[in-house]
Amino acid sequence: MSKKNHIKAIQTQTEAKLTAVFDNAAVGIDLLNTEGKILYTNTYLQTILGYSENELNAKNIFDITVKDDLEKTKTLYSKLVNGELDFYRIEKRYIKSDGTILWADLSVTPLKDSSGKVIEIIGVILDISERKAAQEALLIREQEYRALFSNLRDVFLRMDTDGYILMISPSCFDVTGYTPGELVGLNVFENSLQPHRVQLFKNKLLEFGVIDQYETKIQKKDGSIVWVSVTARLIKDKFGSDAFIEGTVRDITSSIIAENKLKEALSHYRFLIDTMGEGLIKTDKDFKITFGNGAFCNMIGKAQNKIHGMTPFDFISENEAQFLAIRLKRFDNGNESFELNLIHENGNTVPVLVTPRAFYTPEGELNGVVIVITEITKQKSTELALKESEKKLQEALSVKDKFFSIIAHDMKGPMGNFLGLSKVLNKDIEEMTMKDLKETASSIYDSANSIYKLLEDLLQWSRTQMGNISFNPEPIDLQELAFNNIYLLSASAKEKMIDLSSKIKSPVYVHGDRNMLTTVIRNLTSNAIKFTEEGGKITFDVVAEDSEFVTVCIEDTGIGMEEEVASNLFNPEHHHTSLGTNAEKGTGLGLVLCKEFVQKHGGRIWVRSQINLGSKFYFTVPKYRGDLAI
């Protein structure tokens, strides 16, 4: 064999060996031209990327590089081709054939010709996807641990075996009043409020390695005492020796107090069960029945084990359920009896007298209700009916007396004026000038108008007292109602150059009687116009809302009133009238009527006023909580 043929044979063998090494390598290898075109890939790279050799040979390396890594890859590749770099290594992401991502540790080296010019690029790709996934999972777990440690409601602490605190969670401040910095280094055992139990705690921990829900007392920074439940575990080092103690501390003060209260209540219940023949039920804070005695179960015709989890509302009509719900929500921790009708299992109704009593947590929150239920006899019902009739009679007599008093007081003035002017007109009409006639006619009109207004208010108020005005609640938009009343009263306001406006810029729906609310708003606004100087301002606004009521305010910049007048303004027993800023007259019944109508809605009305600083009239009306969707 010639020397030339021998060299060629050696080259062929070498290439075959290199190809075998490339194809069987445990890392991915690719060969690229200077433009990034894939010239060759080994079997491992094809496998981890999921492409065939032909598919990869038809691609550019940048085609399978994740977009976010593309700029960095192109920059380094360009520097390598231009001779600015002889090698680079980076972590980058490849796009696999199924669209998923492959993380790789990439090492890139240029291949040069004899003149030093870069002709091809070789890359070695190590799959690090699992490592990256593990790193990300570790980072997430670390973040979760930090978040958990920082937001623990229970206190986590680590201390050495002698009891010195090494580490404690930020939640220690809520339980102890101390910051972590103040507690680290403190000896728990030496500062115990129950030193006689410390050794017992240590012995139990050394014997069992763990203590679960150990109850003890600690003193807060402010000197107050709290009960805590401690869970501790003894941690050993790799040699089996005691290393440190880890545990949690939970504030159980409220639970201890609640437990004592519960024991008290149970004793009370047992006494009631043993001694009373009246019905009795106990509910939790959500008014679900936790106990009912035999007398109550007889009233409704159900077994004791069937009523647990039900509520008192399940044994009365829907209307009475609404009434009972309001009474239970407005507890003042006192006894208050009222009548209801229980519905027996057979459909019959049982009239009863209900006496509820609320129990509260140390924080003042409702903890439950005990309700004593007395069946009302026929004789008692008759007696109550007689008392109710007597009450109504007394109210009717009181209304009659008020009418007579108001008529005598308020009609005397305008009627006197009316008669006096009529007398003058009858006697001197032939001698009066046209100007005199006009002035007298105007005065007669004012007196007649006052009398008519008085009679109108008296009639409407008397109808409320007698229960002759129907109450028809419906959804009402306060924005629209304010606009309508402003429009109706704009002429009166314009005469005194008063700015009358509403601050309600969007619909606010309430549940009320449209005629009654219109009367309330019109009376309050007319009253504001009456007592506001020329050039003043009156505004209508919704100033507060909660889940049940909307608070409306009609504010003026008028002359205001003294506190004594304001406090009796809505009291019919303290009838009060006064002239407006332009000597306008009123009956004084309008505000009393407003109170009657507001109370019909279950709301209340009040005023805040200062002399020369104006007045703010407030009233509440139930919020509409239905569905207005069309």
# chains A, B, ... in the order shown; residues from 1 in each chain; ligands from 1
>>> residues_around(residues="Ser129 of chain A", least_positions_apart="5", cutoff="12 Å", atoms="only C-alpha atoms", output="VMD selection string")
chain A and resid 48 to 49 91 to 94 96 100 to 105 134 to 136
>>> select_by_dssp(residues="segment 155-315 of chain A", states="strand (DSSP E)", output="NGL selection string")
:A and (155-159 or 165-168 or 210-219 or 225-236 or 242-251 or 279-284 or 289-292)
>>> select_by_dssp(residues="segment 81-236 of chain A", states="helix (DSSP H, G or I)", output="NGL selection string")
:A and (81 or 129-151 or 172-176 or 180-183 or 195-208)
>>> closest_residue(among="A:Thr34, A:Thr47, A:Ser615, A:Asn24", to="Val118 of chain A", atoms="only C-alpha atoms")
A:Thr34
>>> residues_around(residues="Lys220 of chain A", least_positions_apart="3", cutoff="9 Å", atoms="only C-alpha atoms", output="list of chain:residue names")
A:Val175, A:Thr176, A:Gly177, A:Tyr178, A:Gly223, A:Ser224, A:Ile225, A:Val226
>>> closest_residue(among="A:Tyr40, A:Leu437, A:Ile252, A:Ala321", to="Ser52 of chain A", atoms="only C-alpha atoms")
A:Tyr40
>>> residues_around(residues="Ile281 of chain A", least_positions_apart="5", cutoff="7 Å", atoms="only C-alpha atoms", output="ChimeraX atom specification")
/A:289,291-293,370-372
>>> write_last_selection(atoms="C-alpha atoms", output="short mmCIF file (atom, residue, chain, number, x, y, z; two decimals), in the first residue's frame")
data_model
loop_
_atom_site.label_atom_id
_atom_site.label_comp_id
_atom_site.auth_asym_id
_atom_site.auth_seq_id
_atom_site.Cartn_x
_atom_site.Cartn_y
_atom_site.Cartn_z
CA ILE A 289 -81.16 25.08 67.90
CA PHE A 291 -81.24 22.05 72.68
CA GLY A 292 -84.99 22.02 73.22
CA ASN A 293 -86.80 20.72 76.29
CA VAL A 370 -81.90 30.93 75.31
CA ILE A 371 -85.63 31.38 74.69
CA VAL A 372 -88.34 30.62 77.26
#
>>> residues_around(residues="Lys623 of chain A", least_positions_apart="4", cutoff="6 Å", atoms="only C-alpha atoms", output="PyMOL selection string")
chain A and resi 510-511+548-550
>>> decode(residues="segment 302-315 of chain A", atoms="all heavy atoms", output="PDB file, in the first residue's frame")
ATOM      1  N   LYS A 302     -92.836  17.702  67.845  1.00  0.00           N
ATOM      2  CA  LYS A 302     -91.652  17.044  67.291  1.00  0.00           C
ATOM      3  C   LYS A 302     -90.819  16.441  68.413  1.00  0.00           C
ATOM      4  O   LYS A 302     -90.833  16.923  69.555  1.00  0.00           O
ATOM      5  CB  LYS A 302     -90.790  18.041  66.510  1.00  0.00           C
ATOM      6  CG  LYS A 302     -91.347  18.415  65.148  1.00  0.00           C
ATOM      7  CD  LYS A 302     -90.370  19.313  64.403  1.00  0.00           C
ATOM      8  CE  LYS A 302     -90.863  19.663  63.015  1.00  0.00           C
ATOM      9  NZ  LYS A 302     -90.867  18.476  62.122  1.00  0.00           N
ATOM     10  N   ALA A 303     -90.070  15.390  68.074  1.00  0.00           N
ATOM     11  CA  ALA A 303     -89.169  14.768  69.040  1.00  0.00           C
ATOM     12  C   ALA A 303     -87.939  15.647  69.240  1.00  0.00           C
ATOM     13  O   ALA A 303     -87.544  16.406  68.348  1.00  0.00           O
ATOM     14  CB  ALA A 303     -88.753  13.376  68.554  1.00  0.00           C
ATOM     15  N   GLN A 304     -87.310  15.526  70.430  1.00  0.00           N
ATOM     16  CA  GLN A 304     -86.157  16.365  70.743  1.00  0.00           C
ATOM     17  C   GLN A 304     -85.008  16.170  69.762  1.00  0.00           C
ATOM     18  O   GLN A 304     -84.332  17.133  69.396  1.00  0.00           O
ATOM     19  CB  GLN A 304     -85.680  16.092  72.178  1.00  0.00           C
ATOM     20  CG  GLN A 304     -86.606  16.690  73.251  1.00  0.00           C
ATOM     21  CD  GLN A 304     -86.107  16.411  74.653  1.00  0.00           C
ATOM     22  OE1 GLN A 304     -86.143  15.266  75.099  1.00  0.00           O
ATOM     23  NE2 GLN A 304     -85.659  17.433  75.339  1.00  0.00           N
ATOM     24  N   ASN A 305     -84.777  14.933  69.340  1.00  0.00           N
ATOM     25  CA  ASN A 305     -83.647  14.682  68.437  1.00  0.00           C
ATOM     26  C   ASN A 305     -83.915  15.142  67.005  1.00  0.00           C
ATOM     27  O   ASN A 305     -83.037  15.077  66.158  1.00  0.00           O
ATOM     28  CB  ASN A 305     -83.284  13.197  68.442  1.00  0.00           C
ATOM     29  CG  ASN A 305     -84.432  12.315  67.976  1.00  0.00           C
ATOM     30  OD1 ASN A 305     -85.554  12.783  67.816  1.00  0.00           O
ATOM     31  ND2 ASN A 305     -84.148  11.039  67.750  1.00  0.00           N
ATOM     32  N   LYS A 306     -85.142  15.625  66.723  1.00  0.00           N
ATOM     33  CA  LYS A 306     -85.468  16.078  65.371  1.00  0.00           C
ATOM     34  C   LYS A 306     -85.288  17.584  65.190  1.00  0.00           C
ATOM     35  O   LYS A 306     -85.285  18.077  64.059  1.00  0.00           O
ATOM     36  CB  LYS A 306     -86.920  15.708  65.029  1.00  0.00           C
ATOM     37  CG  LYS A 306     -87.209  14.214  65.017  1.00  0.00           C
ATOM     38  CD  LYS A 306     -86.492  13.513  63.878  1.00  0.00           C
ATOM     39  CE  LYS A 306     -86.879  12.041  63.811  1.00  0.00           C
ATOM     40  NZ  LYS A 306     -86.157  11.343  62.709  1.00  0.00           N
ATOM     41  N   ILE A 307     -85.156  18.322  66.289  1.00  0.00           N
ATOM     42  CA  ILE A 307     -85.122  19.782  66.165  1.00  0.00           C
ATOM     43  C   ILE A 307     -83.706  20.355  66.169  1.00  0.00           C
ATOM     44  O   ILE A 307     -83.516  21.543  65.889  1.00  0.00           O
ATOM     45  CB  ILE A 307     -85.942  20.453  67.291  1.00  0.00           C
ATOM     46  CG1 ILE A 307     -85.301  20.195  68.657  1.00  0.00           C
ATOM     47  CG2 ILE A 307     -87.371  19.979  67.260  1.00  0.00           C
ATOM     48  CD1 ILE A 307     -85.965  20.969  69.778  1.00  0.00           C
ATOM     49  N   HIS A 308     -82.709  19.530  66.461  1.00  0.00           N
ATOM     50  CA  HIS A 308     -81.333  20.017  66.478  1.00  0.00           C
ATOM     51  C   HIS A 308     -80.926  20.475  65.074  1.00  0.00           C
ATOM     52  O   HIS A 308     -81.121  19.751  64.095  1.00  0.00           O
ATOM     53  CB  HIS A 308     -80.373  18.940  66.974  1.00  0.00           C
ATOM     54  CG  HIS A 308     -80.526  18.647  68.434  1.00  0.00           C
ATOM     55  ND1 HIS A 308     -79.724  17.764  69.114  1.00  0.00           N
ATOM     56  CD2 HIS A 308     -81.390  19.127  69.358  1.00  0.00           C
ATOM     57  CE1 HIS A 308     -80.092  17.713  70.382  1.00  0.00           C
ATOM     58  NE2 HIS A 308     -81.110  18.526  70.544  1.00  0.00           N
ATOM     59  N   GLY A 309     -80.341  21.664  65.006  1.00  0.00           N
ATOM     60  CA  GLY A 309     -79.923  22.207  63.714  1.00  0.00           C
ATOM     61  C   GLY A 309     -80.986  23.059  63.049  1.00  0.00           C
ATOM     62  O   GLY A 309     -80.699  23.795  62.104  1.00  0.00           O
ATOM     63  N   MET A 310     -82.261  22.943  63.518  1.00  0.00           N
ATOM     64  CA  MET A 310     -83.317  23.807  63.004  1.00  0.00           C
ATOM     65  C   MET A 310     -83.222  25.167  63.707  1.00  0.00           C
ATOM     66  O   MET A 310     -82.389  25.370  64.598  1.00  0.00           O
ATOM     67  CB  MET A 310     -84.684  23.164  63.219  1.00  0.00           C
ATOM     68  CG  MET A 310     -84.835  21.795  62.550  1.00  0.00           C
ATOM     69  SD  MET A 310     -86.469  21.040  62.819  1.00  0.00           S
ATOM     70  CE  MET A 310     -87.490  22.014  61.720  1.00  0.00           C
ATOM     71  N   THR A 311     -84.062  26.111  63.314  1.00  0.00           N
ATOM     72  CA  THR A 311     -84.068  27.428  63.942  1.00  0.00           C
ATOM     73  C   THR A 311     -85.474  27.744  64.441  1.00  0.00           C
ATOM     74  O   THR A 311     -86.453  27.128  63.996  1.00  0.00           O
ATOM     75  CB  THR A 311     -83.644  28.527  62.953  1.00  0.00           C
ATOM     76  OG1 THR A 311     -84.692  28.717  61.984  1.00  0.00           O
ATOM     77  CG2 THR A 311     -82.351  28.158  62.241  1.00  0.00           C
ATOM     78  N   PRO A 312     -85.630  28.709  65.370  1.00  0.00           N
ATOM     79  CA  PRO A 312     -86.973  29.101  65.821  1.00  0.00           C
ATOM     80  C   PRO A 312     -87.856  29.564  64.675  1.00  0.00           C
ATOM     81  O   PRO A 312     -89.075  29.469  64.738  1.00  0.00           O
ATOM     82  CB  PRO A 312     -86.695  30.245  66.806  1.00  0.00           C
ATOM     83  CG  PRO A 312     -85.295  30.023  67.271  1.00  0.00           C
ATOM     84  CD  PRO A 312     -84.578  29.431  66.111  1.00  0.00           C
ATOM     85  N   PHE A 313     -87.217  30.059  63.592  1.00  0.00           N
ATOM     86  CA  PHE A 313     -87.987  30.567  62.453  1.00  0.00           C
ATOM     87  C   PHE A 313     -88.716  29.440  61.706  1.00  0.00           C
ATOM     88  O   PHE A 313     -89.656  29.697  60.955  1.00  0.00           O
ATOM     89  CB  PHE A 313     -87.070  31.313  61.482  1.00  0.00           C
ATOM     90  CG  PHE A 313     -86.162  32.295  62.164  1.00  0.00           C
ATOM     91  CD1 PHE A 313     -84.789  32.116  62.157  1.00  0.00           C
ATOM     92  CD2 PHE A 313     -86.675  33.401  62.837  1.00  0.00           C
ATOM     93  CE1 PHE A 313     -83.951  33.007  62.790  1.00  0.00           C
ATOM     94  CE2 PHE A 313     -85.853  34.297  63.470  1.00  0.00           C
ATOM     95  CZ  PHE A 313     -84.482  34.108  63.456  1.00  0.00           C
ATOM     96  N   ASP A 314     -88.272  28.198  61.918  1.00  0.00           N
ATOM     97  CA  ASP A 314     -88.898  27.072  61.229  1.00  0.00           C
ATOM     98  C   ASP A 314     -90.267  26.717  61.808  1.00  0.00           C
ATOM     99  O   ASP A 314     -91.005  25.941  61.199  1.00  0.00           O
ATOM    100  CB  ASP A 314     -87.987  25.839  61.307  1.00  0.00           C
ATOM    101  CG  ASP A 314     -86.679  26.046  60.558  1.00  0.00           C
ATOM    102  OD1 ASP A 314     -86.708  26.745  59.526  1.00  0.00           O
ATOM    103  OD2 ASP A 314     -85.640  25.532  61.010  1.00  0.00           O
ATOM    104  N   PHE A 315     -90.607  27.273  62.972  1.00  0.00           N
ATOM    105  CA  PHE A 315     -91.842  26.886  63.645  1.00  0.00           C
ATOM    106  C   PHE A 315     -92.861  28.030  63.712  1.00  0.00           C
ATOM    107  O   PHE A 315     -93.829  27.951  64.463  1.00  0.00           O
ATOM    108  CB  PHE A 315     -91.549  26.398  65.065  1.00  0.00           C
ATOM    109  CG  PHE A 315     -90.482  25.337  65.116  1.00  0.00           C
ATOM    110  CD1 PHE A 315     -89.267  25.573  65.727  1.00  0.00           C
ATOM    111  CD2 PHE A 315     -90.685  24.109  64.507  1.00  0.00           C
ATOM    112  CE1 PHE A 315     -88.280  24.605  65.752  1.00  0.00           C
ATOM    113  CE2 PHE A 315     -89.706  23.132  64.534  1.00  0.00           C
ATOM    114  CZ  PHE A 315     -88.500  23.375  65.152  1.00  0.00           C
TER     115      PHE A 315
END
